[in-house]
$ cat model_35.txt   # compact mmCIF, C-alpha atoms
# COMPACT_ATOMS: atom_id res chain seq x y z
CA MET A 1 -12.03 12.21 -28.75
CA LEU A 2 -9.56 15.06 -29.28
CA HIS A 3 -6.44 14.55 -31.40
CA LEU A 4 -3.53 16.67 -32.54
CA ALA A 5 -3.06 16.19 -36.27
CA GLN A 6 -1.15 17.56 -39.24
CA VAL A 7 -2.76 18.34 -42.58
CA GLN A 8 -0.93 16.49 -45.37
CA LYS A 9 -1.37 16.09 -49.08
CA ASN A 10 -1.15 12.48 -50.22
CA SER A 11 1.59 12.46 -52.87
CA SER A 12 0.10 9.51 -54.76
CA SER A 13 -3.57 10.56 -54.88
CA GLY A 14 -3.21 14.31 -54.38
CA GLU A 15 -5.98 14.27 -51.75
CA HIS A 16 -5.64 15.92 -48.37
CA ARG A 17 -5.71 13.92 -45.19
CA LEU A 18 -4.98 14.28 -41.47
CA LYS A 19 -2.05 12.50 -39.95
CA LEU A 20 -2.94 11.85 -36.30
CA LEU A 21 0.02 12.69 -34.04
CA ALA A 22 -1.30 12.53 -30.47
CA GLN A 23 -4.46 11.75 -28.55
CA GLN A 24 -5.81 13.51 -25.46
CA LYS A 25 -6.10 11.10 -22.51
CA SER A 26 -7.35 13.60 -19.90
CA ASP A 27 -7.44 17.38 -19.43
CA HIS A 28 -3.67 17.71 -19.17
CA ALA A 29 -2.44 14.39 -20.48
CA TRP A 30 -1.68 13.48 -24.06
CA ALA A 31 -0.16 10.39 -25.61
CA SER A 32 1.77 10.11 -28.86
CA LEU A 33 0.33 7.67 -31.32
CA PRO A 34 2.88 4.95 -32.05
CA ALA A 35 1.74 4.20 -35.59
CA ALA A 36 0.81 6.66 -38.30
CA GLU A 37 -2.94 6.89 -38.68
CA TYR A 38 -4.61 8.93 -41.41
CA ILE A 39 -8.11 10.37 -41.71
CA PRO A 40 -9.30 11.58 -45.16
CA LEU A 41 -10.19 15.28 -45.41
CA THR A 42 -13.10 16.14 -47.65
CA LYS A 43 -13.27 19.83 -46.84
CA ILE A 44 -9.91 21.61 -46.94
CA GLU A 45 -9.78 24.60 -44.60
CA PHE A 46 -6.09 24.46 -43.70
CA GLY A 47 -2.91 24.44 -45.74
CA ASP A 48 -0.53 21.54 -46.14
CA GLY A 49 1.55 21.01 -42.96
CA ALA A 50 -0.85 22.92 -40.67
CA LEU A 51 -1.30 21.61 -37.14
CA VAL A 52 -4.93 21.18 -36.14
CA LEU A 53 -6.94 19.88 -33.24
CA VAL A 54 -9.60 17.48 -34.41
CA GLU A 55 -12.43 15.92 -32.48
CA LEU A 56 -13.22 12.47 -33.81
CA SER A 57 -16.23 10.27 -33.22
CA SER A 58 -15.84 6.67 -32.12
CA THR A 59 -15.97 5.70 -35.83
CA HIS A 60 -13.18 8.19 -36.64
CA GLN A 61 -15.50 10.67 -38.35
CA ILE A 62 -14.48 14.32 -37.99
CA ASN A 63 -16.88 16.13 -35.64
CA LEU A 64 -14.89 19.33 -35.26
CA ILE A 65 -11.60 20.66 -36.59
CA TYR A 66 -9.81 23.87 -35.67
CA ASP A 67 -6.40 25.52 -35.82
CA ALA A 68 -4.02 24.22 -33.14
CA ALA A 69 -1.91 27.40 -33.04
CA PRO A 70 -3.77 29.04 -30.10
CA TRP A 71 -3.61 25.78 -28.16
CA VAL A 72 0.12 25.38 -28.88
CA VAL A 73 0.75 28.98 -27.75
CA GLU A 74 -1.24 28.31 -24.57
CA VAL A 75 0.82 25.17 -23.87
CA ILE A 76 4.01 27.17 -24.36
CA GLN A 77 2.79 29.96 -22.07
CA ASN A 78 1.49 27.66 -19.37
CA TYR A 79 4.25 25.12 -19.27
CA LEU A 80 7.36 25.99 -21.16
CA SER A 81 7.63 29.71 -20.33
CA SER A 82 7.51 28.94 -16.61
CA GLY A 83 10.66 26.86 -16.85
CA LEU A 84 8.83 23.58 -16.99
CA THR A 85 11.14 21.46 -19.10
CA PRO A 86 11.12 17.79 -20.01
CA GLU A 87 14.18 17.37 -17.77
CA LEU A 88 12.38 18.98 -14.84
CA LEU A 89 9.33 16.81 -15.47
CA GLN A 90 11.56 13.73 -15.59
CA GLN A 91 13.19 14.78 -12.32
CA GLU A 92 9.73 15.09 -10.77
CA VAL A 93 8.78 11.68 -12.13
CA ASP A 94 12.01 10.26 -10.69
CA ARG A 95 11.32 11.95 -7.33
CA ALA A 96 7.80 10.59 -7.28
CA GLU A 97 9.15 7.12 -8.05
CA GLN A 98 11.69 7.43 -5.23
CA TRP A 99 8.90 8.49 -2.85
CA ARG A 100 6.81 5.55 -4.02
CA GLN A 101 9.72 3.18 -3.42
CA THR A 102 10.40 4.74 0.00
CA LEU A 103 6.75 4.41 0.95
CA THR A 104 6.74 0.82 -0.27
CA LEU A 105 9.81 0.05 1.86
CA GLN A 106 8.27 1.79 4.87
CA SER A 107 5.06 -0.13 4.36
CA GLN A 108 7.00 -3.39 4.17
CA GLU A 109 8.94 -2.44 7.32
CA LEU A 110 5.70 -1.63 9.15
CA GLY A 111 4.27 -4.95 8.01
CA ARG A 112 7.38 -6.76 9.26
CA ARG A 113 7.19 -4.96 12.60
CA ALA A 114 3.50 -5.78 12.90
CA LEU A 115 4.31 -9.46 12.33
CA GLU A 116 7.09 -9.30 14.93
CA MET A 117 4.76 -7.65 17.42
CA GLU A 118 2.11 -10.27 16.74
CA ALA A 119 4.68 -13.02 17.34
CA ARG A 120 5.82 -11.33 20.55
CA ARG A 121 2.22 -10.91 21.68
CA ASP A 122 1.68 -14.63 21.07
CA GLN A 123 4.84 -15.44 23.08
CA ILE A 124 3.68 -13.21 25.93
CA GLN A 125 0.27 -14.89 25.92
CA ASP A 126 1.97 -18.30 26.01
CA LEU A 127 4.17 -17.15 28.91
CA GLU A 128 1.12 -15.79 30.74
CA GLU A 129 -0.67 -19.11 30.29
CA ASN A 130 2.41 -20.99 31.53
CA LEU A 131 2.67 -18.68 34.54
CA LYS A 132 -1.03 -19.20 35.36
CA ARG A 133 -0.55 -22.96 35.10
CA GLU A 134 2.55 -22.86 37.30
CA LYS A 135 0.80 -20.57 39.79
CA LYS A 136 -2.12 -22.99 39.96
CA GLN A 137 0.31 -25.89 40.45
CA LEU A 138 2.11 -23.97 43.21
CA GLU A 139 -1.20 -23.11 44.87
CA GLU A 140 -2.21 -26.79 44.70
CA MET A 141 1.18 -27.79 46.11
CA SER A 142 0.81 -25.18 48.85
CA GLU A 143 -2.65 -26.51 49.71
CA SER A 144 -1.27 -30.05 49.72
CA LEU A 145 1.60 -28.99 51.98
CA ASP A 146 -0.85 -27.21 54.29
CA GLU A 147 -2.91 -30.42 54.46
CA GLN A 148 0.25 -32.46 55.12
CA ARG A 149 1.33 -29.97 57.82
CA LYS A 150 -2.09 -30.19 59.45
CA GLN A 151 -1.87 -33.96 59.25
CA LEU A 152 1.62 -33.89 60.79
CA ASP A 153 0.43 -31.52 63.51
CA LEU A 154 -2.38 -33.93 64.35
CA GLU A 155 0.01 -36.87 64.35
CA ARG A 156 2.47 -34.91 66.60
CA LYS A 157 -0.36 -34.06 69.00
CA GLN A 158 -1.36 -37.71 69.03
CA LEU A 159 2.27 -38.70 69.64
CA ASP A 160 2.57 -36.08 72.38
CA LEU A 161 -0.57 -37.46 74.01
CA MET A 162 0.71 -41.00 73.66
CA ALA A 163 4.09 -39.94 75.08
CA ALA A 164 2.37 -38.17 77.96
CA GLU A 165 0.25 -41.29 78.63
CA LEU A 166 3.37 -43.50 78.52
CA LYS A 167 5.21 -41.21 80.96
CA ALA A 168 2.23 -41.23 83.20
CA LYS A 169 2.06 -45.09 83.09
CA ILE A 170 5.82 -45.40 83.61
CA GLY A 171 5.82 -42.87 86.42
CA GLN A 172 3.13 -44.67 88.38
$ encode --input "model_35.txt" --output "structure tokens"
Amino acid sequence: MLHLAQVQKNSSSGEHRLKLLAQQKSDHAWASLPAAEYIPLTKIEFGDGALVLVELSSTHQINLIYDAAPWVVEVIQNYLSSGLTPELLQQEVDRAEQWRQTLTLQSQELGRRALEMEARRDQIQDLEENLKREKKQLEEMSESLDEQRKQLDLERKQLDLMAAELKAKIGQ
């Protein structure tokens, strides 16, 4: 794992050590180390105060150590000379957060609308079922009325026949 460190001389023992300052998280992401962590240096290749990049094993053994100056210059050229400032980065972070919040609100609004549409769809289905039921009832009532009308027509014809027979008996 790659770390940015500073070579220091321990004032009490006089031995050199590395003070770990930051740790690489990904290709372009580094994190400051919150607590001071020291790695003993057995072979001194750099002067006191020098910044170095050090690759450490999982047991914090030094695998590779080299001067950080070229890397620092590259960081300056790639990021700071192009006008990329901490303020600009913070503005971008803020903008990204605003976008995230906007997208979250839009997603919530879409979810709310979807629920409303689902409720409306359910209402429409209920209305359709009610209309089908009422239509069936009306059709049944219409059939019943047709039957009653036919029955009344038969009864009227019978009454007409009876009336005609009575007239014929009276007229004789």
$ residues_around --input "model_35.txt" --residues "A:Ala69" --least-positions-apart "3" --cutoff "12 Å" --atoms "all atoms listed in the file" --output "list of chain:residue names"
A:Leu4, A:Ala5, A:Gln6, A:Phe46, A:Ala50, A:Leu51, A:Val52, A:Leu53, A:Tyr66, A:Val72, A:Val73, A:Glu74, A:Val75, A:Ile76
$ residues_around --input "model_35.txt" --residues "A:Glu55" --least-positions-apart "3" --cutoff "6 Å" --atoms "all atoms listed in the file" --output "list in words"
Met1, Leu2, Asn63 and Leu64 of chain A
$ residues_around --input "model_35.txt" --residues "A:Leu21" --least-positions-apart "4" --cutoff "9 Å" --atoms "all atoms listed in the file" --output "PyMOL selection string"
chain A and resi 3-6+31-37
$ axis_aligned_box --input "model_35.txt" --around "stretch 40-53 of chain A" --padding-each-side "4 Å" --output "lines of an AutoDock Vina configuration file"
center_x = -5.9
center_y = 18.1
center_z = -40.4
size_x = 22.8
size_y = 21.0
size_z = 22.4
$ atom_distance --input "model_35.txt" --atom1 "atom CA of A:Ala114" --atom2 "atom CA of A:Asp126"
18.2 Å
$ residues_around --input "model_35.txt" --residues "A:Lys43" --least-positions-apart "2" --cutoff "9 Å" --atoms "all atoms listed in the file" --output "list in words"
His16, Leu41 and Glu45 of chain A
$ build_atoms --input "model_35.txt" --residues "stretch 51-62 of chain A" --atoms "all heavy atoms" --output "PDB file, in the coordinates of the input"
ATOM      1  N   LEU A  51      -0.922  22.399 -38.311  1.00  0.00           N
ATOM      2  CA  LEU A  51      -1.300  21.610 -37.140  1.00  0.00           C
ATOM      3  C   LEU A  51      -2.717  21.978 -36.751  1.00  0.00           C
ATOM      4  O   LEU A  51      -3.070  23.151 -36.687  1.00  0.00           O
ATOM      5  CB  LEU A  51      -0.366  21.881 -35.965  1.00  0.00           C
ATOM      6  CG  LEU A  51       1.038  21.291 -36.059  1.00  0.00           C
ATOM      7  CD1 LEU A  51       1.860  21.687 -34.833  1.00  0.00           C
ATOM      8  CD2 LEU A  51       0.999  19.785 -36.187  1.00  0.00           C
ATOM      9  N   VAL A  52      -3.532  20.948 -36.504  1.00  0.00           N
ATOM     10  CA  VAL A  52      -4.930  21.180 -36.140  1.00  0.00           C
ATOM     11  C   VAL A  52      -5.303  20.293 -34.960  1.00  0.00           C
ATOM     12  O   VAL A  52      -4.675  19.266 -34.698  1.00  0.00           O
ATOM     13  CB  VAL A  52      -5.888  20.871 -37.323  1.00  0.00           C
ATOM     14  CG1 VAL A  52      -5.672  21.857 -38.464  1.00  0.00           C
ATOM     15  CG2 VAL A  52      -5.737  19.440 -37.805  1.00  0.00           C
ATOM     16  N   LEU A  53      -6.318  20.719 -34.252  1.00  0.00           N
ATOM     17  CA  LEU A  53      -6.940  19.880 -33.240  1.00  0.00           C
ATOM     18  C   LEU A  53      -8.228  19.375 -33.861  1.00  0.00           C
ATOM     19  O   LEU A  53      -8.997  20.144 -34.439  1.00  0.00           O
ATOM     20  CB  LEU A  53      -7.233  20.676 -31.970  1.00  0.00           C
ATOM     21  CG  LEU A  53      -5.998  21.046 -31.157  1.00  0.00           C
ATOM     22  CD1 LEU A  53      -6.345  22.018 -30.045  1.00  0.00           C
ATOM     23  CD2 LEU A  53      -5.336  19.816 -30.572  1.00  0.00           C
ATOM     24  N   VAL A  54      -8.431  18.088 -33.781  1.00  0.00           N
ATOM     25  CA  VAL A  54      -9.600  17.480 -34.410  1.00  0.00           C
ATOM     26  C   VAL A  54     -10.308  16.587 -33.402  1.00  0.00           C
ATOM     27  O   VAL A  54      -9.680  15.821 -32.692  1.00  0.00           O
ATOM     28  CB  VAL A  54      -9.198  16.703 -35.695  1.00  0.00           C
ATOM     29  CG1 VAL A  54      -8.230  15.589 -35.390  1.00  0.00           C
ATOM     30  CG2 VAL A  54     -10.413  16.160 -36.404  1.00  0.00           C
ATOM     31  N   GLU A  55     -11.618  16.769 -33.336  1.00  0.00           N
ATOM     32  CA  GLU A  55     -12.430  15.920 -32.480  1.00  0.00           C
ATOM     33  C   GLU A  55     -13.041  14.855 -33.361  1.00  0.00           C
ATOM     34  O   GLU A  55     -13.728  15.155 -34.342  1.00  0.00           O
ATOM     35  CB  GLU A  55     -13.521  16.735 -31.796  1.00  0.00           C
ATOM     36  CG  GLU A  55     -14.275  15.951 -30.761  1.00  0.00           C
ATOM     37  CD  GLU A  55     -15.301  16.812 -30.037  1.00  0.00           C
ATOM     38  OE1 GLU A  55     -14.926  17.863 -29.510  1.00  0.00           O
ATOM     39  OE2 GLU A  55     -16.473  16.399 -30.025  1.00  0.00           O
ATOM     40  N   LEU A  56     -12.746  13.595 -33.011  1.00  0.00           N
ATOM     41  CA  LEU A  56     -13.220  12.470 -33.810  1.00  0.00           C
ATOM     42  C   LEU A  56     -14.291  11.692 -33.057  1.00  0.00           C
ATOM     43  O   LEU A  56     -14.244  11.578 -31.839  1.00  0.00           O
ATOM     44  CB  LEU A  56     -12.060  11.516 -34.136  1.00  0.00           C
ATOM     45  CG  LEU A  56     -10.912  12.080 -34.975  1.00  0.00           C
ATOM     46  CD1 LEU A  56      -9.819  11.035 -35.120  1.00  0.00           C
ATOM     47  CD2 LEU A  56     -11.405  12.529 -36.332  1.00  0.00           C
ATOM     48  N   SER A  57     -15.224  11.152 -33.816  1.00  0.00           N
ATOM     49  CA  SER A  57     -16.230  10.270 -33.220  1.00  0.00           C
ATOM     50  C   SER A  57     -15.596   8.901 -32.987  1.00  0.00           C
ATOM     51  O   SER A  57     -14.448   8.657 -33.386  1.00  0.00           O
ATOM     52  CB  SER A  57     -17.428  10.146 -34.154  1.00  0.00           C
ATOM     53  OG  SER A  57     -17.045   9.414 -35.316  1.00  0.00           O
ATOM     54  N   SER A  58     -16.355   8.016 -32.382  1.00  0.00           N
ATOM     55  CA  SER A  58     -15.840   6.670 -32.120  1.00  0.00           C
ATOM     56  C   SER A  58     -15.568   5.911 -33.429  1.00  0.00           C
ATOM     57  O   SER A  58     -14.779   4.976 -33.450  1.00  0.00           O
ATOM     58  CB  SER A  58     -16.796   5.889 -31.235  1.00  0.00           C
ATOM     59  OG  SER A  58     -18.060   5.810 -31.860  1.00  0.00           O
ATOM     60  N   THR A  59     -16.199   6.338 -34.528  1.00  0.00           N
ATOM     61  CA  THR A  59     -15.970   5.700 -35.830  1.00  0.00           C
ATOM     62  C   THR A  59     -14.954   6.468 -36.673  1.00  0.00           C
ATOM     63  O   THR A  59     -14.852   6.259 -37.877  1.00  0.00           O
ATOM     64  CB  THR A  59     -17.302   5.587 -36.608  1.00  0.00           C
ATOM     65  OG1 THR A  59     -17.840   6.905 -36.788  1.00  0.00           O
ATOM     66  CG2 THR A  59     -18.282   4.687 -35.871  1.00  0.00           C
ATOM     67  N   HIS A  60     -14.221   7.359 -36.013  1.00  0.00           N
ATOM     68  CA  HIS A  60     -13.180   8.190 -36.640  1.00  0.00           C
ATOM     69  C   HIS A  60     -13.730   9.146 -37.702  1.00  0.00           C
ATOM     70  O   HIS A  60     -13.055   9.462 -38.674  1.00  0.00           O
ATOM     71  CB  HIS A  60     -12.068   7.308 -37.228  1.00  0.00           C
ATOM     72  CG  HIS A  60     -11.045   6.921 -36.189  1.00  0.00           C
ATOM     73  ND1 HIS A  60     -11.367   6.277 -35.029  1.00  0.00           N
ATOM     74  CD2 HIS A  60      -9.714   7.116 -36.144  1.00  0.00           C
ATOM     75  CE1 HIS A  60     -10.290   6.069 -34.311  1.00  0.00           C
ATOM     76  NE2 HIS A  60      -9.258   6.576 -34.963  1.00  0.00           N
ATOM     77  N   GLN A  61     -14.936   9.617 -37.503  1.00  0.00           N
ATOM     78  CA  GLN A  61     -15.500  10.670 -38.350  1.00  0.00           C
ATOM     79  C   GLN A  61     -15.164  12.004 -37.694  1.00  0.00           C
ATOM     80  O   GLN A  61     -15.172  12.135 -36.470  1.00  0.00           O
ATOM     81  CB  GLN A  61     -17.027  10.509 -38.458  1.00  0.00           C
ATOM     82  CG  GLN A  61     -17.456   9.205 -39.093  1.00  0.00           C
ATOM     83  CD  GLN A  61     -16.945   9.076 -40.520  1.00  0.00           C
ATOM     84  OE1 GLN A  61     -17.055  10.006 -41.318  1.00  0.00           O
ATOM     85  NE2 GLN A  61     -16.366   7.924 -40.835  1.00  0.00           N
ATOM     86  N   ILE A  62     -14.857  13.006 -38.506  1.00  0.00           N
ATOM     87  CA  ILE A  62     -14.480  14.320 -37.990  1.00  0.00           C
ATOM     88  C   ILE A  62     -15.737  15.044 -37.514  1.00  0.00           C
ATOM     89  O   ILE A  62     -16.647  15.310 -38.296  1.00  0.00           O
ATOM     90  CB  ILE A  62     -13.750  15.149 -39.066  1.00  0.00           C
ATOM     91  CG1 ILE A  62     -12.439  14.453 -39.460  1.00  0.00           C
ATOM     92  CG2 ILE A  62     -13.488  16.563 -38.558  1.00  0.00           C
ATOM     93  CD1 ILE A  62     -11.721  15.081 -40.632  1.00  0.00           C
TER      94      ILE A  62
END
